[in-house]
$ cat final.csv   # CSV, C-alpha atoms and all ligand atoms
chain,number,residue,atom,x,y,z
A,1,MET,CA,-17.7,6.7,28.6
A,2,ALA,CA,-19.8,4.4,26.4
A,3,LYS,CA,-18.6,0.8,26.2
A,4,LEU,CA,-16.5,0.3,23.2
A,5,PHE,CA,-16.5,-2.8,21.0
A,6,ARG,CA,-13.3,-4.3,19.4
A,7,ALA,CA,-13.4,-7.1,16.9
A,8,VAL,CA,-11.1,-8.9,14.5
A,9,ILE,CA,-12.1,-10.7,11.3
A,10,MET,CA,-9.8,-13.6,10.2
A,11,GLY,CA,-9.8,-15.9,7.3
A,12,PRO,CA,-7.6,-16.9,4.3
A,13,PRO,CA,-7.1,-14.5,1.4
A,14,GLY,CA,-10.4,-14.4,-0.6
A,15,SER,CA,-12.5,-15.6,2.3
A,16,GLY,CA,-14.6,-12.4,2.3
A,17,LYS,CA,-13.1,-10.5,5.1
A,18,GLY,CA,-13.1,-7.2,3.2
A,19,THR,CA,-16.7,-7.8,1.8
A,20,ILE,CA,-18.1,-8.7,5.2
A,21,SER,CA,-16.1,-5.9,7.1
A,22,GLU,CA,-17.7,-3.4,4.7
A,23,ARG,CA,-21.2,-4.8,5.6
A,24,ILE,CA,-20.4,-4.8,9.3
A,25,ALA,CA,-19.1,-1.2,9.1
A,26,GLN,CA,-22.2,-0.1,7.3
A,27,SER,CA,-24.7,-2.0,9.5
A,28,PHE,CA,-23.2,-1.4,12.9
A,29,GLY,CA,-21.1,1.8,12.4
A,30,LEU,CA,-17.8,0.3,13.5
A,31,ALA,CA,-14.7,1.9,12.1
A,32,ARG,CA,-13.2,-0.5,9.7
A,33,LEU,CA,-9.4,-1.0,9.8
A,34,SER,CA,-7.7,-3.0,7.0
A,35,SER,CA,-4.2,-4.0,7.6
A,36,GLY,CA,-3.7,-4.9,3.9
A,37,ASP,CA,-4.9,-1.4,2.8
A,38,PHE,CA,-2.6,0.1,5.4
A,39,VAL,CA,0.4,-1.8,4.1
A,40,ARG,CA,-0.4,-0.9,0.5
A,41,GLU,CA,-0.8,2.8,1.5
A,42,ASN,CA,2.7,2.6,3.0
A,43,ILE,CA,4.0,1.0,-0.2
A,44,ALA,CA,2.4,3.7,-2.3
A,45,ALA,CA,3.9,6.4,-0.1
A,46,ASN,CA,7.3,4.8,-0.2
A,47,THR,CA,7.8,4.8,3.6
A,48,ASP,CA,10.7,2.6,4.9
A,49,ALA,CA,8.3,0.0,6.2
A,50,GLY,CA,6.4,0.1,2.9
A,51,VAL,CA,9.5,-0.5,0.8
A,52,LEU,CA,10.4,-3.4,3.0
A,53,ALA,CA,6.8,-4.8,3.0
A,54,LYS,CA,6.6,-4.8,-0.8
A,55,THR,CA,9.5,-7.3,-1.2
A,56,TYR,CA,7.4,-9.8,0.8
A,57,ILE,CA,4.0,-9.1,-0.6
A,58,GLU,CA,5.2,-9.6,-4.2
A,59,ARG,CA,6.3,-13.1,-3.3
A,60,GLY,CA,3.0,-13.9,-1.5
A,61,LEU,CA,4.8,-13.9,1.9
A,62,LEU,CA,3.7,-12.4,5.1
A,63,VAL,CA,5.4,-9.1,6.1
A,64,PRO,CA,7.6,-9.8,9.2
A,65,ASP,CA,5.9,-9.3,12.6
A,66,HIS,CA,8.0,-6.5,13.8
A,67,VAL,CA,7.2,-4.5,10.6
A,68,MET,CA,3.5,-5.1,10.9
A,69,THR,CA,3.3,-4.3,14.6
A,70,ARG,CA,5.3,-1.2,14.2
A,71,LEU,CA,2.9,0.0,11.5
A,72,LEU,CA,-0.3,-1.0,13.2
A,73,LEU,CA,-0.1,-0.7,16.9
A,74,PRO,CA,0.5,3.1,16.9
A,75,ARG,CA,-2.6,3.4,14.7
A,76,LEU,CA,-4.7,1.4,17.2
A,77,GLU,CA,-3.4,3.5,20.0
A,78,GLU,CA,-4.9,6.5,18.2
A,79,MET,CA,-8.3,4.7,18.2
A,80,THR,CA,-8.8,4.4,22.0
A,81,ARG,CA,-12.1,6.3,21.8
A,82,HIS,CA,-13.5,4.3,18.8
A,83,SER,CA,-15.2,1.0,18.4
A,84,TRP,CA,-13.4,-0.8,15.6
A,85,LEU,CA,-13.3,-3.9,13.4
A,86,MET,CA,-9.8,-5.0,12.3
A,87,ASP,CA,-9.5,-6.9,9.0
A,88,GLY,CA,-6.3,-8.9,8.3
A,89,PHE,CA,-4.4,-8.4,11.6
A,90,PRO,CA,-3.3,-10.4,13.5
A,91,ARG,CA,-1.9,-12.9,11.0
A,92,THR,CA,0.5,-14.7,13.3
A,93,LEU,CA,0.6,-15.7,16.9
A,94,ALA,CA,3.3,-13.0,17.6
A,95,GLN,CA,1.0,-10.3,16.2
A,96,ALA,CA,-1.9,-11.7,18.3
A,97,LYS,CA,0.2,-11.4,21.4
A,98,ALA,CA,1.2,-7.9,20.5
A,99,LEU,CA,-2.4,-7.0,20.0
A,100,ASN,CA,-3.4,-8.6,23.2
A,101,SER,CA,-1.1,-6.3,25.1
A,102,THR,CA,-2.7,-3.2,23.5
A,103,CYS,CA,-6.4,-4.0,23.9
A,104,ASP,CA,-9.0,-6.5,25.0
A,105,LEU,CA,-10.9,-7.9,22.0
A,106,ASP,CA,-14.6,-8.6,22.5
A,107,LEU,CA,-15.1,-10.9,19.5
A,108,VAL,CA,-13.2,-12.7,16.7
A,109,ILE,CA,-14.9,-13.8,13.5
A,110,SER,CA,-13.1,-16.6,11.6
A,111,LEU,CA,-14.2,-17.5,8.1
A,112,ASN,CA,-13.8,-21.0,7.0
A,113,ILE,CA,-14.1,-21.2,3.2
A,114,PRO,CA,-13.0,-24.1,0.9
A,115,TYR,CA,-9.7,-23.8,-1.0
A,116,GLU,CA,-11.2,-24.1,-4.5
A,117,THR,CA,-13.7,-21.3,-3.8
A,118,LEU,CA,-10.9,-19.0,-2.6
A,119,LYS,CA,-8.9,-19.6,-5.8
A,120,GLU,CA,-11.8,-18.9,-8.0
A,121,ARG,CA,-12.7,-15.7,-6.2
A,122,LEU,CA,-9.2,-14.2,-6.1
A,123,SER,CA,-8.5,-14.7,-9.7
A,124,ASP,CA,-11.5,-12.5,-10.4
A,125,ARG,CA,-11.0,-9.8,-7.7
A,126,TRP,CA,-10.9,-6.1,-8.6
A,127,ILE,CA,-10.3,-3.3,-6.2
A,128,HIS,CA,-10.8,0.4,-5.9
A,129,PRO,CA,-7.5,1.3,-4.2
A,130,ALA,CA,-8.6,4.6,-2.7
A,131,SER,CA,-11.6,3.3,-0.8
A,132,GLY,CA,-10.8,-0.4,-0.5
A,133,ARG,CA,-14.1,-1.2,-2.2
A,134,VAL,CA,-13.9,-4.7,-3.7
A,135,TYR,CA,-15.6,-6.3,-6.7
A,136,ASN,CA,-15.8,-9.7,-8.3
A,137,MET,CA,-16.8,-10.0,-11.9
A,138,GLY,CA,-19.3,-12.7,-11.1
A,139,PHE,CA,-20.5,-11.9,-7.6
A,140,ASN,CA,-20.6,-8.1,-7.4
A,141,PRO,CA,-19.5,-6.6,-10.7
A,142,PRO,CA,-19.2,-2.9,-11.0
A,143,HIS,CA,-22.0,-1.0,-12.8
A,144,VAL,CA,-19.5,0.1,-15.5
A,145,GLN,CA,-16.8,-2.5,-16.3
A,146,GLY,CA,-13.4,-1.6,-14.8
A,147,ARG,CA,-14.7,1.4,-12.9
A,148,ASP,CA,-15.6,2.1,-9.3
A,149,ASP,CA,-19.3,2.6,-8.7
A,150,ILE,CA,-19.0,5.6,-6.6
A,151,SER,CA,-16.0,7.6,-7.9
A,152,GLY,CA,-15.9,6.2,-11.5
A,153,GLU,CA,-12.1,5.7,-11.0
A,154,PRO,CA,-10.3,2.7,-12.5
A,155,LEU,CA,-10.2,-0.6,-10.7
A,156,ILE,CA,-7.0,-2.6,-10.3
A,157,GLN,CA,-6.0,-6.1,-9.4
A,158,HIS,CA,-3.5,-6.8,-6.6
A,159,ASP,CA,-0.1,-8.2,-7.7
A,160,ASP,CA,-0.4,-10.8,-5.0
A,161,ASP,CA,-3.7,-12.1,-6.4
A,162,LYS,CA,-1.7,-13.5,-9.4
A,163,PRO,CA,-1.6,-17.3,-9.4
A,164,GLU,CA,2.1,-17.7,-8.5
A,165,ALA,CA,1.7,-15.7,-5.2
A,166,LEU,CA,-1.7,-17.0,-4.5
A,167,VAL,CA,-0.8,-20.7,-4.0
A,168,ALA,CA,1.9,-19.7,-1.5
A,169,ARG,CA,-0.5,-17.4,0.4
A,170,LEU,CA,-3.2,-19.9,0.7
A,171,ARG,CA,-0.8,-22.7,1.9
A,172,HIS,CA,0.8,-20.4,4.4
A,173,TYR,CA,-2.5,-19.2,5.9
A,174,LYS,CA,-3.4,-22.6,7.4
A,175,ASP,CA,-0.1,-23.0,9.2
A,176,VAL,CA,0.0,-19.6,10.8
A,177,ALA,CA,-3.6,-19.2,11.6
A,178,LYS,CA,-4.1,-22.4,13.7
A,179,PRO,CA,-2.4,-21.2,16.9
A,180,ILE,CA,-4.2,-17.8,16.7
A,181,ILE,CA,-7.5,-19.6,16.3
A,182,ASP,CA,-6.7,-21.8,19.3
A,183,LEU,CA,-5.8,-18.8,21.4
A,184,TYR,CA,-9.1,-17.0,20.7
A,185,LYS,CA,-11.0,-20.2,21.2
A,186,SER,CA,-9.4,-20.6,24.6
A,187,LYS,CA,-10.5,-17.0,25.5
A,188,GLY,CA,-14.0,-17.9,24.5
A,189,ILE,CA,-14.3,-15.1,21.9
A,190,LEU,CA,-14.0,-17.1,18.7
A,191,HIS,CA,-17.0,-17.5,16.3
A,192,THR,CA,-16.4,-19.5,13.1
A,193,PHE,CA,-18.5,-19.3,10.0
A,194,SER,CA,-18.2,-21.9,7.2
A,195,GLY,CA,-19.6,-21.9,3.7
A,196,THR,CA,-19.0,-21.0,0.0
A,197,GLU,CA,-21.3,-18.0,-0.2
A,198,THR,CA,-21.0,-14.7,1.6
A,199,ASP,CA,-24.7,-14.0,1.3
A,200,ARG,CA,-25.5,-17.2,3.2
A,201,ILE,CA,-22.9,-16.5,6.0
A,202,TRP,CA,-23.8,-12.9,6.4
A,203,PRO,CA,-27.2,-13.3,8.2
A,204,TYR,CA,-25.5,-15.4,10.9
A,205,ILE,CA,-22.8,-12.8,11.4
A,206,ASN,CA,-25.4,-10.0,11.4
A,207,SER,CA,-27.5,-11.7,14.1
A,208,LEU,CA,-24.5,-12.5,16.2
A,209,LEU,CA,-23.3,-8.9,16.1
A,210,SER,CA,-26.8,-7.6,16.9
A,211,THR,CA,-26.6,-9.3,20.2
A,212,LYS,CA,-23.1,-8.3,21.0
A,213,ILE,CA,-22.6,-4.7,19.9
A,214,PRO,CA,-23.9,-2.1,22.4
A,215,SER,CA,-26.1,0.4,20.6
A,216,THR,CA,-24.0,3.2,21.9
A,217,SER,CA,-21.1,2.0,19.7
A,218,GLN,CA,-23.2,2.4,16.6
A,219,THR,CA,-22.5,6.0,16.0
A,220,ASP,CA,-19.6,6.4,13.7
A,221,THR,CA,-20.3,5.1,10.2
A,222,GLN,CA,-17.2,6.2,8.3
A,223,ARG,CA,-14.4,4.0,7.2
A,224,ILE,CA,-11.5,5.6,9.0
A,225,PRO,CA,-8.7,6.3,6.5
A,226,MET,CA,-5.2,5.2,7.7
A,227,PRO,CA,-2.7,8.0,7.6
A,301,LIG,N1,-18.4,-15.6,-6.2
A,301,LIG,C1,-18.4,-15.0,-5.0
A,301,LIG,N2,-17.4,-14.1,-4.8
A,301,LIG,C2,-17.4,-13.5,-3.5
A,301,LIG,C3,-18.3,-13.9,-2.5
A,301,LIG,N3,-18.0,-13.1,-1.4
A,301,LIG,C4,-16.9,-12.3,-1.8
A,301,LIG,N4,-16.6,-12.5,-3.1
A,301,LIG,C5,-15.6,-11.9,-3.9
A,301,LIG,O1,-14.4,-12.7,-3.6
A,301,LIG,C6,-13.2,-11.8,-3.6
A,301,LIG,C7,-12.5,-11.9,-2.2
A,301,LIG,O2,-13.3,-11.2,-1.2
A,301,LIG,P1,-12.7,-10.2,-0.2
A,301,LIG,O3,-13.8,-9.7,0.6
A,301,LIG,O4,-11.8,-9.3,-0.9
A,301,LIG,O5,-11.8,-11.3,0.7
A,301,LIG,P2,-10.6,-11.1,1.7
A,301,LIG,O6,-9.3,-11.4,0.9
A,301,LIG,O7,-10.8,-12.1,2.8
A,301,LIG,O8,-10.6,-9.7,2.2
A,301,LIG,C8,-13.7,-10.4,-3.9
A,301,LIG,O9,-13.6,-10.2,-5.3
A,301,LIG,C9,-15.2,-10.5,-3.6
A,301,LIG,O10,-16.0,-9.6,-4.3
A,301,LIG,C10,-19.2,-14.9,-2.8
A,301,LIG,O11,-20.0,-15.3,-1.9
A,301,LIG,N5,-19.2,-15.4,-4.0
A,302,LIG,N1,-1.0,-8.6,9.1
A,302,LIG,C1,-0.7,-8.7,7.8
A,302,LIG,C2,-1.6,-8.1,6.8
A,302,LIG,C3,-1.2,-8.1,5.5
A,302,LIG,N2,0.0,-8.7,5.2
A,302,LIG,C4,0.5,-8.7,3.8
A,302,LIG,O1,-0.3,-7.9,3.0
A,302,LIG,C5,-0.9,-8.7,1.9
A,302,LIG,C6,-2.3,-8.2,1.6
A,302,LIG,O2,-3.1,-8.2,2.7
A,302,LIG,P1,-4.7,-8.3,2.6
A,302,LIG,O3,-5.3,-8.3,4.0
A,302,LIG,O4,-5.2,-7.2,1.7
A,302,LIG,O5,-4.9,-9.7,1.9
A,302,LIG,P2,-6.2,-10.5,1.6
A,302,LIG,O6,-6.3,-11.5,2.7
A,302,LIG,O7,-7.4,-9.5,1.6
A,302,LIG,O8,-5.9,-11.0,0.3
A,302,LIG,C7,-1.0,-10.1,2.5
A,302,LIG,O9,-1.1,-11.1,1.5
A,302,LIG,C8,0.4,-10.2,3.2
A,302,LIG,O10,1.5,-10.4,2.3
A,302,LIG,C9,0.8,-9.2,6.2
A,302,LIG,O11,1.9,-9.8,5.9
A,302,LIG,N3,0.5,-9.2,7.5

$ encode --input "final.csv" --output "C-alpha cells"
Amino acid sequence: MAKLFRAVIMGPPGSGKGTISERIAQSFGLARLSSGDFVRENIAANTDAGVLAKTYIERGLLVPDHVMTRLLLPRLEEMTRHSWLMDGFPRTLAQAKALNSTCDLDLVISLNIPYETLKERLSDRWIHPASGRVYNMGFNPPHVQGRDDISGEPLIQHDDDKPEALVARLRHYKDVAKPIIDLYKSKGILHTFSGTETDRIWPYINSLLSTKIPSTSQTDTQRIPMP
C-alpha cells in the first residue's frame, strides 16, 4: 500500500489553522479533518456528546478530553487508508497521548502568532458552517457581503469568537499547548512558524510539505465530511 501521511496543525484560536489547512488540502490533496467542525456538527445534531460540548464551548472552555477522544478517535480509525491533516486536535497532553496510541504522526505544524493579531482576526471572522470555509472582512472578504462565495448561503460568526469567551480561550491555549509542543519536539516532528501574516508563512509551509509528502498521497482532494 502507498505510504500514508499524517499531520497535525496546532495554534491558538485565530492563528490560521483553518485557513492554512484549506490551502494544504488543496495543494497536497490531504483529507482535512477539523475537530472544531466535528464538535459543532455534533452540537447541531443534538448528540449526547454535542449537548455536553456546547456547555463548555459557550464559556470559551475546552471540551473534556474523554468527550473529545470519544468523538474523534473512532473517526480516525475509519481513515486508516487515507492521508490526513488534523486541525484542532490534540488540544491537551491527554488527547496527544490518546492520538499517539492510534497512529504515528509524520509531522506537526505549530503556528506562533502574536496575541494582538489573534484578537483582531477573531473579532472579524465569518464562517460558512456547511463547508468550514472561513472569511475575514479585511483579509479575505466574501465576494458578496455576508454570503459564502461558492454556495451563496449566509455566513455566521461563532459564539465563542465573542470577546468574553475569546480572552479565556487565548489564555488557556498557552497553558495546555506547552506540554504537547514539548512532546512533539522530543519526537523530532515539530515545525514552528511565526509571524503576523498567513501569506508570508504559507510559502515556508508549502515548501516543507513538498519535501515531506510522498506524491502517492496526493490523490484525494476532497474535504472529508465528518458524519
Ligand atoms: N488579517 C488577517 N486575517 C487572517 C490572516 N490569516 C487568516 N486570517 C483570518 O483570521 C481568522 C482566523 O483564521 P482561521 O484560519 O479561522 O484560524 P484558526 O482559528 O486557527 O482555525 C479568519 O477570519 C481568517 O480569514 C492574515 O494573515 N491576516
Ligand atoms: N480538541 C478540541 C477541539 C475543539 N474544542 C472546542 O471547540 C471550540 C472550537 O474549536 P475550533 O478548532 O473551531 O476553534 P478555533 O481554534 O478554530 O477557534 C474550541 O474553542 C473548544 O472549545 C475542544 O475543546 N477540543

$ closest_atom_pairs --input "final.csv" --of "chain A" --to "ligand LIG 301 (chain A)" --cutoff "8 Å" --atoms "only C-alpha atoms and all ligand atoms" --output "tab-separated table"
residue	atom	partner	partner_atom	distance
A:Met10	CA	A:LIG301	O7	7.6
A:Gly11	CA	A:LIG301	O7	6.0
A:Pro12	CA	A:LIG301	O7	6.0
A:Pro13	CA	A:LIG301	O6	3.8
A:Gly14	CA	A:LIG301	O6	3.5
A:Ser15	CA	A:LIG301	O7	3.9
A:Gly16	CA	A:LIG301	O3	3.3
A:Lys17	CA	A:LIG301	O7	3.6
A:Gly18	CA	A:LIG301	O3	3.7
A:Thr19	CA	A:LIG301	O3	3.7
A:Ile20	CA	A:LIG301	O3	6.4
A:Ser21	CA	A:LIG301	O3	7.9
A:Asp87	CA	A:LIG301	O8	7.4
A:Gly88	CA	A:LIG301	O8	7.5
A:Thr117	CA	A:LIG301	N1	7.8
A:Leu118	CA	A:LIG301	O1	7.3
A:Glu120	CA	A:LIG301	N1	7.6
A:Arg121	CA	A:LIG301	O1	4.3
A:Leu122	CA	A:LIG301	C6	5.3
A:Asp124	CA	A:LIG301	O9	6.0
A:Arg125	CA	A:LIG301	O9	3.6
A:Trp126	CA	A:LIG301	O9	5.9
A:Ile127	CA	A:LIG301	O9	7.7
A:Val134	CA	A:LIG301	O10	5.4
A:Tyr135	CA	A:LIG301	O10	4.1
A:Asn136	CA	A:LIG301	O9	3.8
A:Met137	CA	A:LIG301	O9	7.3
A:Gly138	CA	A:LIG301	N1	5.8
A:Phe139	CA	A:LIG301	N1	4.5
A:Asn140	CA	A:LIG301	O10	5.7
A:Pro141	CA	A:LIG301	O10	7.9
A:Thr196	CA	A:LIG301	O11	6.1
A:Glu197	CA	A:LIG301	O11	3.4
A:Thr198	CA	A:LIG301	O11	3.7
A:Asp199	CA	A:LIG301	O11	5.8
A:Arg200	CA	A:LIG301	O11	7.7

$ write_last_selection --input "final.csv" --atoms "C-alpha atoms" --output "CSV table (one decimal), in the frame of the given file"
chain,number,residue,atom,x,y,z
A,10,MET,CA,-9.8,-13.6,10.2
A,11,GLY,CA,-9.8,-15.9,7.3
A,12,PRO,CA,-7.6,-16.9,4.3
A,13,PRO,CA,-7.1,-14.5,1.4
A,14,GLY,CA,-10.4,-14.4,-0.6
A,15,SER,CA,-12.5,-15.6,2.3
A,16,GLY,CA,-14.6,-12.4,2.3
A,17,LYS,CA,-13.1,-10.5,5.1
A,18,GLY,CA,-13.1,-7.2,3.2
A,19,THR,CA,-16.7,-7.8,1.8
A,20,ILE,CA,-18.1,-8.7,5.2
A,21,SER,CA,-16.1,-5.9,7.1
A,87,ASP,CA,-9.5,-6.9,9.0
A,88,GLY,CA,-6.3,-8.9,8.3
A,117,THR,CA,-13.7,-21.3,-3.8
A,118,LEU,CA,-10.9,-19.0,-2.6
A,120,GLU,CA,-11.8,-18.9,-8.0
A,121,ARG,CA,-12.7,-15.7,-6.2
A,122,LEU,CA,-9.2,-14.2,-6.1
A,124,ASP,CA,-11.5,-12.5,-10.4
A,125,ARG,CA,-11.0,-9.8,-7.7
A,126,TRP,CA,-10.9,-6.1,-8.6
A,127,ILE,CA,-10.3,-3.3,-6.2
A,134,VAL,CA,-13.9,-4.7,-3.7
A,135,TYR,CA,-15.6,-6.3,-6.7
A,136,ASN,CA,-15.8,-9.7,-8.3
A,137,MET,CA,-16.8,-10.0,-11.9
A,138,GLY,CA,-19.3,-12.7,-11.1
A,139,PHE,CA,-20.5,-11.9,-7.6
A,140,ASN,CA,-20.6,-8.1,-7.4
A,141,PRO,CA,-19.5,-6.6,-10.7
A,196,THR,CA,-19.0,-21.0,0.0
A,197,GLU,CA,-21.3,-18.0,-0.2
A,198,THR,CA,-21.0,-14.7,1.6
A,199,ASP,CA,-24.7,-14.0,1.3
A,200,ARG,CA,-25.5,-17.2,3.2

$ closest_residue --input "final.csv" --among "A:Arg23, A:Lys174, A:Lys3, A:Arg59" --to "ligand LIG 302 (chain A)" --atoms "only C-alpha atoms and all ligand atoms"
A:Arg59

$ residues_near_ligand --input "final.csv" --ligand "ligand LIG 302 (chain A)" --cutoff "7 Å" --atoms "all atoms listed in the file" --output "number ranges by chain"
A: 12-14, 17-18, 34-37, 39, 56-57, 60-64, 68, 87-91, 160, 169

$ atom_distance --input "final.csv" --atom1 "CA of Ser186 (chain A)" --atom2 "CA of Asn112 (chain A)"
18.1 Å

$ residues_around --input "final.csv" --residues "Leu190 (chain A)" --least-positions-apart "4" --cutoff "7 Å" --atoms "only C-alpha atoms" --output "list in words"
Leu107, Val108, Ile109, Tyr184 and Lys185 of chain A

$ atom_distance --input "final.csv" --atom1 "CA of Ser27 (chain A)" --atom2 "CA of Asn206 (chain A)"
8.3 Å

$ atom_distance --input "final.csv" --atom1 "CA of Val67 (chain A)" --atom2 "CA of Gly188 (chain A)"
28.7 Å

$ residues_around --input "final.csv" --residues "Asp182 (chain A)" --least-positions-apart "3" --cutoff "12 Å" --atoms "all atoms listed in the file" --output "NGL selection string"
:A and (92-93 or 96 or 108 or 110 or 176-179 or 185-192)

$ closest_residue --input "final.csv" --among "A:Asp148, A:Ser210, A:His158, A:Ala25" --to "Glu58 (chain A)" --atoms "all atoms listed in the file"
A:His158

$ closest_residue --input "final.csv" --among "A:Ile181, A:Arg32, A:Val8, A:Asp106" --to "Lys212 (chain A)" --atoms "only C-alpha atoms"
A:Asp106

$ closest_residue --input "final.csv" --among "A:Pro142, A:Arg133, A:His66, A:Leu111" --to "Ser194 (chain A)" --atoms "all atoms listed in the file"
A:Leu111

$ build_atoms --input "final.csv" --residues "region 70-87 of chain A" --atoms "N, CA and C atoms" --output "mmCIF file, in the coordinates of the input"
data_model
loop_
_atom_site.group_PDB
_atom_site.id
_atom_site.type_symbol
_atom_site.label_atom_id
_atom_site.label_comp_id
_atom_site.auth_asym_id
_atom_site.auth_seq_id
_atom_site.Cartn_x
_atom_site.Cartn_y
_atom_site.Cartn_z
ATOM 1 N N ARG A 70 4.882 -2.577 14.128
ATOM 2 C CA ARG A 70 5.300 -1.200 14.200
ATOM 3 C C ARG A 70 4.397 -0.276 13.361
ATOM 4 N N LEU A 71 3.845 -0.829 12.291
ATOM 5 C CA LEU A 71 2.900 0.000 11.500
ATOM 6 C C LEU A 71 1.548 0.112 12.149
ATOM 7 N N LEU A 72 1.074 -0.975 12.747
ATOM 8 C CA LEU A 72 -0.300 -1.000 13.200
ATOM 9 C C LEU A 72 -0.632 -0.581 14.593
ATOM 10 N N LEU A 73 0.253 -0.943 15.522
ATOM 11 C CA LEU A 73 -0.100 -0.700 16.900
ATOM 12 C C LEU A 73 -0.251 0.818 17.222
ATOM 13 N N PRO A 74 0.655 1.663 16.691
ATOM 14 C CA PRO A 74 0.500 3.100 16.900
ATOM 15 C C PRO A 74 -0.877 3.588 16.405
ATOM 16 N N ARG A 75 -1.291 3.010 15.288
ATOM 17 C CA ARG A 75 -2.600 3.400 14.700
ATOM 18 C C ARG A 75 -3.736 3.005 15.620
ATOM 19 N N LEU A 76 -3.622 1.840 16.241
ATOM 20 C CA LEU A 76 -4.700 1.400 17.200
ATOM 21 C C LEU A 76 -4.686 2.268 18.420
ATOM 22 N N GLU A 77 -3.497 2.684 18.818
ATOM 23 C CA GLU A 77 -3.400 3.500 20.000
ATOM 24 C C GLU A 77 -4.145 4.871 19.798
ATOM 25 N N GLU A 78 -4.193 5.305 18.528
ATOM 26 C CA GLU A 78 -4.900 6.500 18.200
ATOM 27 C C GLU A 78 -6.451 6.319 18.281
ATOM 28 N N MET A 79 -6.852 5.062 18.332
ATOM 29 C CA MET A 79 -8.300 4.700 18.200
ATOM 30 C C MET A 79 -8.894 4.400 19.564
ATOM 31 N N THR A 80 -8.298 4.883 20.657
ATOM 32 C CA THR A 80 -8.800 4.400 22.000
ATOM 33 C C THR A 80 -10.220 4.834 22.237
ATOM 34 N N ARG A 81 -10.735 5.841 21.519
ATOM 35 C CA ARG A 81 -12.100 6.300 21.800
ATOM 36 C C ARG A 81 -13.117 5.736 20.765
ATOM 37 N N HIS A 82 -12.638 4.858 19.865
ATOM 38 C CA HIS A 82 -13.500 4.300 18.800
ATOM 39 C C HIS A 82 -13.772 2.833 19.027
ATOM 40 N N SER A 83 -14.948 2.415 18.590
ATOM 41 C CA SER A 83 -15.200 1.000 18.400
ATOM 42 C C SER A 83 -14.632 0.638 17.021
ATOM 43 N N TRP A 84 -13.994 -0.509 16.878
ATOM 44 C CA TRP A 84 -13.400 -0.800 15.600
ATOM 45 C C TRP A 84 -13.505 -2.323 15.238
ATOM 46 N N LEU A 85 -13.357 -2.567 13.936
ATOM 47 C CA LEU A 85 -13.300 -3.900 13.400
ATOM 48 C C LEU A 85 -11.973 -3.994 12.608
ATOM 49 N N MET A 86 -11.087 -4.887 12.971
ATOM 50 C CA MET A 86 -9.800 -5.000 12.300
ATOM 51 C C MET A 86 -9.854 -6.185 11.300
ATOM 52 N N ASP A 87 -9.474 -5.913 10.056
ATOM 53 C CA ASP A 87 -9.500 -6.900 9.000
ATOM 54 C C ASP A 87 -8.020 -7.234 8.625
#
